[in-house]
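One structure is given here, and the rest of the page talks about it.
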Amino acid sequence: MRQKTSIRRKQDLSQLIIPLAALGILVLFNLIRGIVIGDLGFFSITTRVNNDGNTVLAGNLISIIDDASALAIIAMGMTLVTAACGGQDISVGAVGAISGAVFVKVLDAFGLDKISVGSILIGLFAAIAVTIVFTLFNGTLVSVFKIQPMIATLILFSCGRSIAYMITGSATPQLNDKLINAIGKTIPGIPIPTPIFLVVLMALILALIFKVTNLRLYTQTVGINQGAARLNGINPMVIKLLSFVILGVCVSLASMIQVCRLNQLSHKTLLDAIEMDAILAVAIGGNSLGGGKFRLSGTILGAYIILMLTNTLNDMSVKPESIKAYKAIVIIIIVIAGSPAVKQKITAFWKRIHSGSRKVMAGR
Amino acid sequence: MTVKNPEVSTVRRQPMSNTKLLMLIAIGIFVFMYAAAMIFLGKRFLTVQEIFNLLNNNAYLIILGCSLTIVMIGGGIDISVGGVVCLTAMSVAKFLQFSGIEGPAGVALSILLALAIGLFFGIEQGFLVSYLGIQPFIVTLAGMFLSRGVTTMVSSENIPIKHEAFQAMKKITLQIPGVLKLELGAAIALLILLGMYLLLRHHKLGRSIYALGGNQQSALMLGINVKRSRFLSYVISSVLAAIAGYVFIMHASSGKTSIGLRSEMDAIASAIIGGTLLTGGVGNVFGTFFGVMILTTIQEIMAASKVQESYWQEIASGAILALFILLQSVVLAQRGKKVQLQGRLKAKKE
């Protein structure tokens, strides 16, 4: 029994090797670079006094973790959808824009100058409800009509932002309010930015769901073999739809964070191109994009790696438009390192060394 | 002797393949849409030139559709094509404008440059996908980032081309005066369409791509070199994307960083509308051609009916896409049921 659990732990952790290694290399690179140029600003954590007169944590590391919040939350939902359906939802950015539009529309209905906790909550719930309707549309196409996820979500990907535009109209409403700042930046008296707490909250909720229910097992079963899952009494349709519902909640939470951070809503740029980053976070986290086993911690690490990479490149004064090229090279290196062919070679190599050393031991 | 065995005749009458059926649906809807446009919007749509205008303006999209069709038939996906189009167009523009090589030599070299870019991306992506077994989505996503990023390094400003030989080549058109006019780019696109049809239909490589898309394991057992076929499908796809970039720059004659933005999604959509399945093994480049025509006709109709807001255009094309996807799924499911039913009936008879 004991041996069994130890084997399981080993397998589980092997998934985290690549993301942890990538993170380690990034940190090491910045450390060496910082020492060479004599400026360790990359790792700085300082305190500063913000406009409202509160002392808050600032610095590069904090801003990386803070910036990654929306991405991390969406990537968590994406992991579930990927695991259950074996495909990705590429409409999250567009659906996020719709969600943000609904959120701001509700706030606007209450009056943008008198935002209260109640109106924010109502706005959030309305946004979540509407977003779930849209993600369920995707989910129905995927689970009931058996269309590949990428194709099914291509529909909303191409017209979602236009729907968001229909909801809000051309104006880009500005939200300047203490409560909005409390969500998007910091709560007075607490030095850590609120989005970080929201990521932790979301992760905890999902962890609790996995702990209490069988959702993780069922999702993985459906992802690995749908037919086998059905024969074992799991309804694959329900599991897939459920993963899309959770994705909907994640997307609307992330979109609220982003709206509050930027203090404005723009249907064109809100969560722009986040779908690619989210899929990337899932892949870097060591999850198979073909469905099946997944680890949320890997995904969250993946999101932070992406932001850290972007930040490092920014730091090296690469043109913002050209960052993509370097990002691509890093992605290629990471996926090559994690590819089955290379993994096989490495394990074979490892075994040879291992058996070699054993022979030496036996010889002695 | 002369009496036919009914069993044999039913077996011999093969049902229409999924590829053909889905393509026929696409053609039918295109004809229906175009006829509706003729009746309700008249004038512009009544001339033959209008169809040729569609071809002239969207030649690059037809080529991209072909490239996506080939990859998708093989069971993969290539979302880097839009970026490759942009990179090729920009590099060619910069080369022609700043290299100082005048005359046909410059044009010839620029064509070589375009092909080299296509080959580089094709070989890189094909190698990673087929020999290292990495998911095509991630590999081509990286390709998209790489090509878009390198484009901004080549230039982040617009480059208008004033190269004389290039301009002369641009002006070559096939035409019957007063009736129709076909640009060189559109002619190239149609040639590529025909070439890819022949490749997929009658060449060994094309048949292998169908086989590996349908079932990789069986393809392997049939002795098909699965890895090589998949590798080549990605190489063809990227080279076609580079050609599409050249055709685009011939039409627009000015390099911009916004070229081909989201065109990969348009190409995927047109391939799907034309009856290519993302699961692989099913598809046809002519179907994709009609997919492109459907998408562009929607835009033309929107423009002609004076819908000002561009968002209606997007919503309309999204709705059409949804319709097609649902239709395909329902049709295929129905056929699946029918085949099952027939199988059961046969089993009962026996």
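Chain labels A, B, ... are given in the sequence in which chains occur in the structure tokens; within each chain residues are numbered consecutively from 1, and ligands are likewise numbered from 1 in the order shown.
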
Contact residues (chain A, partner chain B, 7 Å, only C-alpha atoms) as a ChimeraX atom specification: /A:145,147,155-156,158-159,162,321-325,328,331-332,335,339-341

Expected file: the selected residues, C-alpha atoms, as a PDB file, in the first residue's frame:
```
ATOM      1  CA  PHE A 145     -23.070  17.708 -31.402  1.00  0.00           C
ATOM      2  CA  ILE A 147     -17.776  19.017 -32.842  1.00  0.00           C
ATOM      3  CA  ILE A 155     -17.809  30.766 -33.908  1.00  0.00           C
ATOM      4  CA  LEU A 156     -17.683  32.904 -30.770  1.00  0.00           C
ATOM      5  CA  SER A 158     -14.980  35.399 -34.616  1.00  0.00           C
ATOM      6  CA  CYS A 159     -18.102  37.196 -33.447  1.00  0.00           C
ATOM      7  CA  SER A 162     -18.957  42.176 -31.894  1.00  0.00           C
ATOM      8  CA  GLU A 321       5.931  44.045 -30.797  1.00  0.00           C
ATOM      9  CA  SER A 322       8.954  41.802 -31.219  1.00  0.00           C
ATOM     10  CA  ILE A 323       8.551  40.021 -27.863  1.00  0.00           C
ATOM     11  CA  LYS A 324       6.414  37.413 -29.618  1.00  0.00           C
ATOM     12  CA  ALA A 325       9.392  36.157 -31.625  1.00  0.00           C
ATOM     13  CA  ALA A 328       8.107  31.620 -29.728  1.00  0.00           C
ATOM     14  CA  ILE A 331       8.062  27.885 -26.391  1.00  0.00           C
ATOM     15  CA  ILE A 332       9.796  25.775 -29.016  1.00  0.00           C
ATOM     16  CA  VAL A 335       8.030  21.810 -26.044  1.00  0.00           C
ATOM     17  CA  SER A 339       8.287  16.069 -26.363  1.00  0.00           C
ATOM     18  CA  PRO A 340       7.796  12.282 -26.231  1.00  0.00           C
ATOM     19  CA  ALA A 341      10.744  11.550 -28.545  1.00  0.00           C
TER      20      ALA A 341
END
```

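Checking A:Ile37, A:Leu20, A:Ile187, A:Leu61 one by one against Ile284 (chain A), counting only C-alpha atoms, you find the shortest gap at A:Leu20.
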
Restricting the calculation to only C-alpha atoms, which member of B:Ser110, B:Gln97, B:Gln167, B:Thr69 is positioned closest to Gly245 (chain B)? B:Ser110

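Counting only C-alpha atoms, Met166 (chain A) has the following residues at most 10 Å away, ignoring those fewer than 5 positions along the same chain: A:Ile98, A:Ala101, A:Gly160, A:Arg161, A:His267, B:Tyr311, B:Trp312.
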
Dump of N, CA and C atoms for the selected residues, as a PDB file, in the first residue's frame:
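New file result28.pdb:
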```pdb
ATOM      1  N   ILE A  98     -17.410  39.919 -23.654  1.00  0.00           N
ATOM      2  CA  ILE A  98     -18.869  39.968 -23.425  1.00  0.00           C
ATOM      3  C   ILE A  98     -19.148  40.093 -21.939  1.00  0.00           C
ATOM      4  N   ALA A 101     -18.484  43.454 -20.679  1.00  0.00           N
ATOM      5  CA  ALA A 101     -19.515  44.386 -21.143  1.00  0.00           C
ATOM      6  C   ALA A 101     -20.754  44.287 -20.271  1.00  0.00           C
ATOM      7  N   GLY A 160     -17.612  37.108 -31.035  1.00  0.00           N
ATOM      8  CA  GLY A 160     -17.855  37.462 -29.637  1.00  0.00           C
ATOM      9  C   GLY A 160     -17.640  38.939 -29.342  1.00  0.00           C
ATOM     10  N   ARG A 161     -16.548  39.488 -29.872  1.00  0.00           N
ATOM     11  CA  ARG A 161     -16.260  40.899 -29.580  1.00  0.00           C
ATOM     12  C   ARG A 161     -17.312  41.819 -30.187  1.00  0.00           C
ATOM     13  N   HIS A 267     -14.083  46.906 -25.695  1.00  0.00           N
ATOM     14  CA  HIS A 267     -14.446  45.573 -26.198  1.00  0.00           C
ATOM     15  C   HIS A 267     -13.377  45.007 -27.114  1.00  0.00           C
TER      16      HIS A 267
ATOM     17  N   TYR B 311     -19.503  45.271 -37.176  1.00  0.00           N
ATOM     18  CA  TYR B 311     -19.762  44.167 -36.253  1.00  0.00           C
ATOM     19  C   TYR B 311     -20.877  43.262 -36.748  1.00  0.00           C
ATOM     20  N   TRP B 312     -21.804  43.816 -37.539  1.00  0.00           N
ATOM     21  CA  TRP B 312     -22.842  42.953 -38.091  1.00  0.00           C
ATOM     22  C   TRP B 312     -22.242  41.940 -39.034  1.00  0.00           C
TER      23      TRP B 312
END
```

Show me, as a ChimeraX atom specification, the residues that have an atom within 8 Å of Gly87 (chain A) when counting only C-alpha atoms, minus same-chain residues fewer than 6 positions from it. /A:81,148-150,289-291

Taking the DSSP assignment computed from this structure's backbone, write out as a ChimeraX atom specification all residues of region 44-183 of chain B that belong to alpha helix (DSSP H). /B:48-57,59-73,81-98,103-126,136-154,164-170

Please provide the set of residues having any atom within 8 Å of Glu183 (chain B), restricted to only C-alpha atoms, with same-chain residues fewer than 5 positions apart removed, written as a PyMOL selection string. chain B and resi 56+170-174

Output C-alpha atoms for every residue in the selection just made, as a short mmCIF file (atom, residue, chain, number, x, y, z; two decimals), in the first residue's frame.
```cif
data_model
loop_
_atom_site.label_atom_id
_atom_site.label_comp_id
_atom_site.auth_asym_id
_atom_site.auth_seq_id
_atom_site.Cartn_x
_atom_site.Cartn_y
_atom_site.Cartn_z
CA ASN B 56 -8.99 38.89 -57.45
CA LYS B 170 1.48 43.24 -61.13
CA LYS B 171 -0.29 44.69 -64.13
CA ILE B 172 -0.37 41.40 -66.02
CA THR B 173 -3.99 40.34 -66.32
CA LEU B 174 -5.89 37.73 -68.22
#
```
